[in-house]
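Undergrad: Sharing a structure here in structure tokens format.
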Amino acid sequence: MDTHRLHELRPHHRALTHKIVSAPDFRDSADGIREFPDGSGVLGRIITLGDPIHLDTALAHPEEWWPSASDEDTRDLLTQRIISEGFILPSILGTLVTLMSAMYATTYTSAKGKGKGTERKRQIRLKYYGSPISDFGIVKGSVNIDARHRMGYLIPSEPLFIKGQDPDDHYWIYFTTAAGRDIYLDCGLYAFHKGRVLEAQPYSKHGMAPLTWCPTYFVDLMSSSGKNKLEALPSVEHTERERFSVLRDPSLEEVARHCPTNLNPEHVEAIVGFLNKVSSSTRKRSYLEQKMAVTWSIGSFFIMQLNLENREYLNFPDEPALHDLGYMDSGEAMGGVFREQAELYSKHMRKWEKKQRKGNKEVTLETMEAAYQEWAKKMYKEHYGEEATWTTREEAIQAWMGKSFNTR
């Protein structure tokens, strides 16, 4: 889901295309809290925006974007919170349709079975503590976010006030095991400076944008201790209003069977219809959000397929590397393969995949890795004026990280 925040369909946030004139001290728990000027009665912190600035300039030279910030880490933190805002629902739906298509509607060739020339097909399914996942889908509800973690943006010259992400219109993923155990996965909390940070490098394989971290929040609702190794601290109170099964939805089941290359208008309508069904009591989703949901339902299929075909999940760490949000303020988190570089990579791979399909060329692990190496070496030379000498993805990321730490 974090790669969706880098996607070309997402419009640039207005707060990143205007200079910041004034902003509260986010390290002070009470500074700048006041009522939003839209008549809603909501309390939060308001960031006042001034002259326009190009997004590339804001990201590459954040001191020009927010001159009065107390330090570089504060700028980095606010940048990532702003990037994380919005479009949660289409991102979740696209992710779950991809998961359903790649895992629950596709079989994979395993080792040769008994008999000459025969092959055994294997189905890959999710499990949690040995119990199969029997259902997954979307939860609609709210999270308890106090005023100091809510943001709004004021552009006096227009005049315009933009309310930040709304904790009362929130969405997250649920998984239910065959034993009846419920698990929440919420990837939309970082905009409120909540949750934890997962080191993403070990999982960024086979065409996925080479992110070094991503925000997450994982809760086992039936854990006897109330906590587990993945759960964020301090806890976030989720209030569930409705849940919508993706795995058991008949129309999405048809989508999964035909994804990604044989979708017809009826399948597209099924995705859009499900999106609007989930949000019906709140608002009908815009055309852009509908397009996001359809595009993201298709776009990550090959990445997930290659991970499953190559059984990459067997190489994942036994335990995920998690950090509290203080990690986000450090140079280590913001260094490495910067998010704007990851965005360029995502665009490069989308163009590459289109060319492959247009020429009826197979998308394989080898061709995808070659495309990554070509892009990474080109970018490395452009940034540092040196020829890249690595041969593997892991060596490439280490080279980027070493340069980033040395230039901060």
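Every chain in the structure tokens takes a letter, A first, then B, and so on in the order presented; its residues are numbered from 1, and the ligands are numbered from 1 following the presented order.
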Per DSSP on the backbone, filter range 118-309 of chain A down to the residues in helix (DSSP H, G or I) and report them as an mmCIF file with N, CA and C atoms, in the first residue's frame.

TA:
data_model
loop_
_atom_site.group_PDB
_atom_site.id
_atom_site.type_symbol
_atom_site.label_atom_id
_atom_site.label_comp_id
_atom_site.auth_asym_id
_atom_site.auth_seq_id
_atom_site.Cartn_x
_atom_site.Cartn_y
_atom_site.Cartn_z
ATOM 1 N N ALA A 147 -6.814 16.376 19.241
ATOM 2 C CA ALA A 147 -6.613 17.595 18.448
ATOM 3 C C ALA A 147 -5.156 17.826 18.069
ATOM 4 N N ARG A 148 -4.222 17.417 18.910
ATOM 5 C CA ARG A 148 -2.813 17.720 18.606
ATOM 6 C C ARG A 148 -2.289 16.924 17.422
ATOM 7 N N HIS A 149 -3.015 15.875 17.013
ATOM 8 C CA HIS A 149 -2.569 15.061 15.878
ATOM 9 C C HIS A 149 -3.425 15.270 14.625
ATOM 10 N N TYR A 190 -0.259 6.863 9.832
ATOM 11 C CA TYR A 190 0.906 7.721 9.966
ATOM 12 C C TYR A 190 0.574 9.198 9.751
ATOM 13 N N ALA A 191 -0.479 9.490 9.001
ATOM 14 C CA ALA A 191 -0.894 10.881 8.825
ATOM 15 C C ALA A 191 -1.260 11.521 10.155
ATOM 16 N N PHE A 192 -1.599 10.689 11.159
ATOM 17 C CA PHE A 192 -1.909 11.184 12.496
ATOM 18 C C PHE A 192 -0.727 11.009 13.454
ATOM 19 N N GLN A 201 12.819 -3.105 3.457
ATOM 20 C CA GLN A 201 13.817 -3.583 2.499
ATOM 21 C C GLN A 201 13.763 -5.099 2.250
ATOM 22 N N PRO A 202 13.619 -5.950 3.288
ATOM 23 C CA PRO A 202 13.611 -7.401 3.025
ATOM 24 C C PRO A 202 12.428 -7.870 2.184
ATOM 25 N N TYR A 203 11.389 -7.036 2.089
ATOM 26 C CA TYR A 203 10.177 -7.440 1.373
ATOM 27 C C TYR A 203 10.053 -6.760 0.011
ATOM 28 N N PRO A 250 -19.126 -12.096 -4.325
ATOM 29 C CA PRO A 250 -19.238 -12.816 -5.605
ATOM 30 C C PRO A 250 -18.739 -12.011 -6.803
ATOM 31 N N SER A 251 -19.033 -10.710 -6.841
ATOM 32 C CA SER A 251 -18.608 -9.907 -7.990
ATOM 33 C C SER A 251 -17.092 -9.750 -8.029
ATOM 34 N N LEU A 252 -16.469 -9.592 -6.864
ATOM 35 C CA LEU A 252 -15.010 -9.474 -6.828
ATOM 36 C C LEU A 252 -14.331 -10.821 -7.089
ATOM 37 N N GLU A 253 -15.028 -11.895 -6.774
ATOM 38 C CA GLU A 253 -14.494 -13.222 -7.094
ATOM 39 C C GLU A 253 -14.327 -13.371 -8.606
ATOM 40 N N GLU A 254 -15.297 -12.857 -9.369
ATOM 41 C CA GLU A 254 -15.184 -12.884 -10.830
ATOM 42 C C GLU A 254 -14.030 -12.002 -11.305
ATOM 43 N N VAL A 255 -13.846 -10.859 -10.656
ATOM 44 C CA VAL A 255 -12.718 -9.985 -10.985
ATOM 45 C C VAL A 255 -11.412 -10.732 -10.769
ATOM 46 N N ALA A 256 -11.288 -11.402 -9.628
ATOM 47 C CA ALA A 256 -10.051 -12.109 -9.293
ATOM 48 C C ALA A 256 -9.736 -13.199 -10.307
ATOM 49 N N ARG A 257 -10.747 -13.854 -10.813
ATOM 50 C CA ARG A 257 -10.526 -14.944 -11.777
ATOM 51 C C ARG A 257 -10.008 -14.437 -13.116
ATOM 52 N N HIS A 258 -10.296 -13.184 -13.439
ATOM 53 C CA HIS A 258 -9.913 -12.648 -14.750
ATOM 54 C C HIS A 258 -8.780 -11.619 -14.673
ATOM 55 N N PRO A 265 -15.567 -4.532 -19.003
ATOM 56 C CA PRO A 265 -16.264 -3.427 -18.325
ATOM 57 C C PRO A 265 -17.091 -3.856 -17.121
ATOM 58 N N GLU A 266 -17.640 -5.065 -17.146
ATOM 59 C CA GLU A 266 -18.417 -5.542 -16.002
ATOM 60 C C GLU A 266 -17.519 -5.729 -14.775
ATOM 61 N N HIS A 267 -16.303 -6.192 -14.992
ATOM 62 C CA HIS A 267 -15.374 -6.373 -13.875
ATOM 63 C C HIS A 267 -14.963 -5.023 -13.297
ATOM 64 N N VAL A 268 -14.717 -4.058 -14.176
ATOM 65 C CA VAL A 268 -14.380 -2.710 -13.715
ATOM 66 C C VAL A 268 -15.531 -2.133 -12.898
ATOM 67 N N GLU A 269 -16.747 -2.346 -13.375
ATOM 68 C CA GLU A 269 -17.927 -1.854 -12.663
ATOM 69 C C GLU A 269 -18.070 -2.529 -11.305
ATOM 70 N N ALA A 270 -17.658 -3.778 -11.209
ATOM 71 C CA ALA A 270 -17.736 -4.494 -9.927
ATOM 72 C C ALA A 270 -16.801 -3.866 -8.897
ATOM 73 N N ILE A 271 -15.592 -3.500 -9.333
ATOM 74 C CA ILE A 271 -14.638 -2.853 -8.422
ATOM 75 C C ILE A 271 -15.182 -1.500 -7.972
ATOM 76 N N VAL A 272 -15.660 -0.713 -8.935
ATOM 77 C CA VAL A 272 -16.201 0.614 -8.618
ATOM 78 C C VAL A 272 -17.437 0.493 -7.727
ATOM 79 N N GLY A 273 -18.286 -0.479 -8.028
ATOM 80 C CA GLY A 273 -19.494 -0.678 -7.234
ATOM 81 C C GLY A 273 -19.175 -1.043 -5.790
ATOM 82 N N PHE A 274 -18.162 -1.886 -5.605
ATOM 83 C CA PHE A 274 -17.775 -2.265 -4.248
ATOM 84 C C PHE A 274 -17.210 -1.066 -3.495
ATOM 85 N N LEU A 275 -16.401 -0.267 -4.188
ATOM 86 C CA LEU A 275 -15.831 0.944 -3.578
ATOM 87 C C LEU A 275 -16.934 1.861 -3.078
ATOM 88 N N ASN A 276 -17.942 2.097 -3.908
ATOM 89 C CA ASN A 276 -19.035 2.993 -3.526
ATOM 90 C C ASN A 276 -19.938 2.371 -2.466
ATOM 91 N N LYS A 277 -20.048 1.047 -2.467
ATOM 92 C CA LYS A 277 -20.840 0.376 -1.432
ATOM 93 C C LYS A 277 -20.222 0.585 -0.053
ATOM 94 N N VAL A 278 -18.900 0.475 0.016
ATOM 95 C CA VAL A 278 -18.214 0.647 1.302
ATOM 96 C C VAL A 278 -18.396 2.065 1.829
ATOM 97 N N TYR A 287 -14.357 10.225 -9.463
ATOM 98 C CA TYR A 287 -13.880 9.442 -10.610
ATOM 99 C C TYR A 287 -12.414 9.066 -10.420
ATOM 100 N N LEU A 288 -11.613 9.994 -9.881
ATOM 101 C CA LEU A 288 -10.191 9.716 -9.665
ATOM 102 C C LEU A 288 -10.010 8.559 -8.690
ATOM 103 N N GLU A 289 -10.777 8.544 -7.593
ATOM 104 C CA GLU A 289 -10.660 7.456 -6.621
ATOM 105 C C GLU A 289 -11.112 6.131 -7.229
ATOM 106 N N GLN A 290 -12.143 6.178 -8.077
ATOM 107 C CA GLN A 290 -12.581 4.958 -8.751
ATOM 108 C C GLN A 290 -11.477 4.435 -9.674
ATOM 109 N N LYS A 291 -10.836 5.348 -10.390
ATOM 110 C CA LYS A 291 -9.741 4.955 -11.288
ATOM 111 C C LYS A 291 -8.577 4.375 -10.498
ATOM 112 N N MET A 292 -8.292 4.972 -9.340
ATOM 113 C CA MET A 292 -7.227 4.447 -8.477
ATOM 114 C C MET A 292 -7.527 3.005 -8.067
ATOM 115 N N ALA A 293 -8.755 2.757 -7.624
ATOM 116 C CA ALA A 293 -9.121 1.422 -7.149
ATOM 117 C C ALA A 293 -8.950 0.381 -8.251
ATOM 118 N N VAL A 294 -9.379 0.708 -9.464
ATOM 119 C CA VAL A 294 -9.256 -0.232 -10.589
ATOM 120 C C VAL A 294 -7.785 -0.420 -10.965
ATOM 121 N N THR A 295 -7.057 0.681 -11.084
ATOM 122 C CA THR A 295 -5.642 0.609 -11.482
ATOM 123 C C THR A 295 -4.825 -0.167 -10.470
ATOM 124 N N TRP A 296 -5.050 0.073 -9.193
ATOM 125 C CA TRP A 296 -4.263 -0.582 -8.148
ATOM 126 C C TRP A 296 -4.684 -2.029 -7.946
ATOM 127 N N SER A 297 -5.880 -2.387 -8.394
ATOM 128 C CA SER A 297 -6.289 -3.795 -8.353
ATOM 129 C C SER A 297 -5.514 -4.616 -9.370
ATOM 130 N N ILE A 298 -5.055 -3.958 -10.410
ATOM 131 C CA ILE A 298 -4.347 -4.638 -11.503
ATOM 132 C C ILE A 298 -2.830 -4.492 -11.376
ATOM 133 N N GLY A 299 -2.399 -3.282 -10.983
ATOM 134 C CA GLY A 299 -0.994 -2.901 -11.135
ATOM 135 C C GLY A 299 0.021 -3.710 -10.374
ATOM 136 N N PHE A 301 -0.290 -6.950 -9.480
ATOM 137 C CA PHE A 301 -0.485 -8.394 -9.613
ATOM 138 C C PHE A 301 0.812 -9.113 -9.980
ATOM 139 N N PHE A 302 1.533 -8.594 -10.973
ATOM 140 C CA PHE A 302 2.738 -9.288 -11.426
ATOM 141 C C PHE A 302 3.808 -9.321 -10.346
ATOM 142 N N ILE A 303 3.888 -8.251 -9.549
ATOM 143 C CA ILE A 303 4.861 -8.234 -8.451
ATOM 144 C C ILE A 303 4.534 -9.338 -7.453
ATOM 145 N N MET A 304 3.274 -9.420 -7.067
ATOM 146 C CA MET A 304 2.879 -10.457 -6.110
ATOM 147 C C MET A 304 3.015 -11.850 -6.720
ATOM 148 N N GLN A 305 2.670 -11.968 -7.991
ATOM 149 C CA GLN A 305 2.777 -13.261 -8.661
ATOM 150 C C GLN A 305 4.216 -13.768 -8.666
ATOM 151 N N LEU A 306 5.159 -12.883 -8.986
ATOM 152 C CA LEU A 306 6.564 -13.293 -9.013
ATOM 153 C C LEU A 306 7.061 -13.663 -7.618
ATOM 154 N N ASN A 307 6.618 -12.937 -6.608
ATOM 155 C CA ASN A 307 6.986 -13.284 -5.233
ATOM 156 C C ASN A 307 6.477 -14.667 -4.859
ATOM 157 N N LEU A 308 5.261 -14.990 -5.291
ATOM 158 C CA LEU A 308 4.685 -16.285 -4.959
ATOM 159 C C LEU A 308 5.311 -17.404 -5.785
ATOM 160 N N GLU A 309 5.515 -17.167 -7.071
ATOM 161 C CA GLU A 309 6.129 -18.182 -7.919
ATOM 162 C C GLU A 309 7.517 -18.571 -7.423
#

Undergrad: Identify, on the basis of only C-alpha atoms, every residue whose closest approach to Phe316 in chain A does not exceed 12 Å; exclude the query and any residue fewer than 2 positions from it along the same chain; express the result as a ChimeraX atom specification.

TA: /A:199-205,307,311-314,318-321

Undergrad: List as a PyMOL selection string the protein and nucleic acid residues near Cys187 in chain A, meaning an atom at most 8 Å away when only C-alpha atoms are counted, but skip any in the same chain fewer than 6 places from it.

TA: chain A and resi 1-2+172+215-217

Undergrad: Separation of CA of Arg75 in chain A and CA of Leu43 in chain A, in Å?

TA: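 Answer for the CA of Arg75 in chain A to CA of Leu43 in chain A separation: 22.6 Å.
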
Undergrad: Using DSSP on the backbone coordinates, identify the residues of range 5-220 of chain A assigned to strand (DSSP E or B); present them as an NGL selection string.

TA: :A and (18-22 or 33-35 or 43-52 or 108-112 or 119-122 or 127-128 or 131-143 or 151-155 or 160-163 or 170-177 or 182-185 or 196-199 or 213-216 or 218-220)

Undergrad: So that I can see what lies close to Thr57 in chain A, please list as a tab-separated table (two decimals) with N, CA and C atoms, in the first residue's frame the residues with an atom at most 12 Å from it, counting only C-alpha atoms and leaving out residues fewer than 2 positions away in the same chain.

TA:
chain	number	residue	atom	x	y	z
A	16	LEU	N	2.43	20.56	-0.20
A	16	LEU	CA	3.78	20.34	-0.72
A	16	LEU	C	4.06	21.16	-1.97
A	17	THR	N	3.06	21.91	-2.42
A	17	THR	CA	3.27	22.77	-3.60
A	17	THR	C	3.11	24.25	-3.23
A	18	HIS	N	3.12	24.54	-1.92
A	18	HIS	CA	3.12	25.91	-1.42
A	18	HIS	C	4.10	26.00	-0.27
A	19	LYS	N	4.78	27.12	-0.18
A	19	LYS	CA	5.70	27.32	0.94
A	19	LYS	C	4.92	27.45	2.24
A	52	PRO	N	3.34	29.63	-4.13
A	52	PRO	CA	3.55	28.31	-4.74
A	52	PRO	C	5.03	27.95	-4.83
A	53	ILE	N	5.31	26.67	-4.78
A	53	ILE	CA	6.66	26.14	-4.96
A	53	ILE	C	6.54	24.82	-5.70
A	54	HIS	N	7.48	24.53	-6.58
A	54	HIS	CA	7.43	23.28	-7.33
A	54	HIS	C	7.69	22.11	-6.38
A	55	LEU	N	6.96	21.02	-6.59
A	55	LEU	CA	7.10	19.86	-5.71
A	55	LEU	C	8.54	19.36	-5.65
A	59	LEU	N	10.80	18.94	-2.19
A	59	LEU	CA	11.38	17.68	-1.72
A	59	LEU	C	12.90	17.71	-1.71
A	60	ALA	N	13.48	18.33	-2.72
A	60	ALA	CA	14.95	18.35	-2.81
A	60	ALA	C	15.56	19.43	-1.91
A	61	HIS	N	14.85	20.54	-1.71
A	61	HIS	CA	15.35	21.65	-0.90
A	61	HIS	C	14.28	22.06	0.11
A	62	PRO	N	14.03	21.21	1.10
A	62	PRO	CA	12.93	21.48	2.03
A	62	PRO	C	13.10	22.77	2.83
A	63	GLU	N	14.34	23.26	2.93
A	63	GLU	CA	14.55	24.53	3.64
A	63	GLU	C	13.92	25.70	2.90
A	64	GLU	N	13.73	25.58	1.58
A	64	GLU	CA	13.03	26.60	0.82
A	64	GLU	C	11.51	26.46	0.97
A	65	TRP	N	11.08	25.23	1.19
A	65	TRP	CA	9.65	24.96	1.38
A	65	TRP	C	9.17	25.43	2.75
A	66	TRP	N	9.96	25.16	3.79
A	66	TRP	CA	9.59	25.54	5.15
A	66	TRP	C	10.80	26.20	5.82
A	340	GLU	N	11.44	10.02	-3.02
A	340	GLU	CA	11.28	10.57	-4.36
A	340	GLU	C	11.99	9.71	-5.41
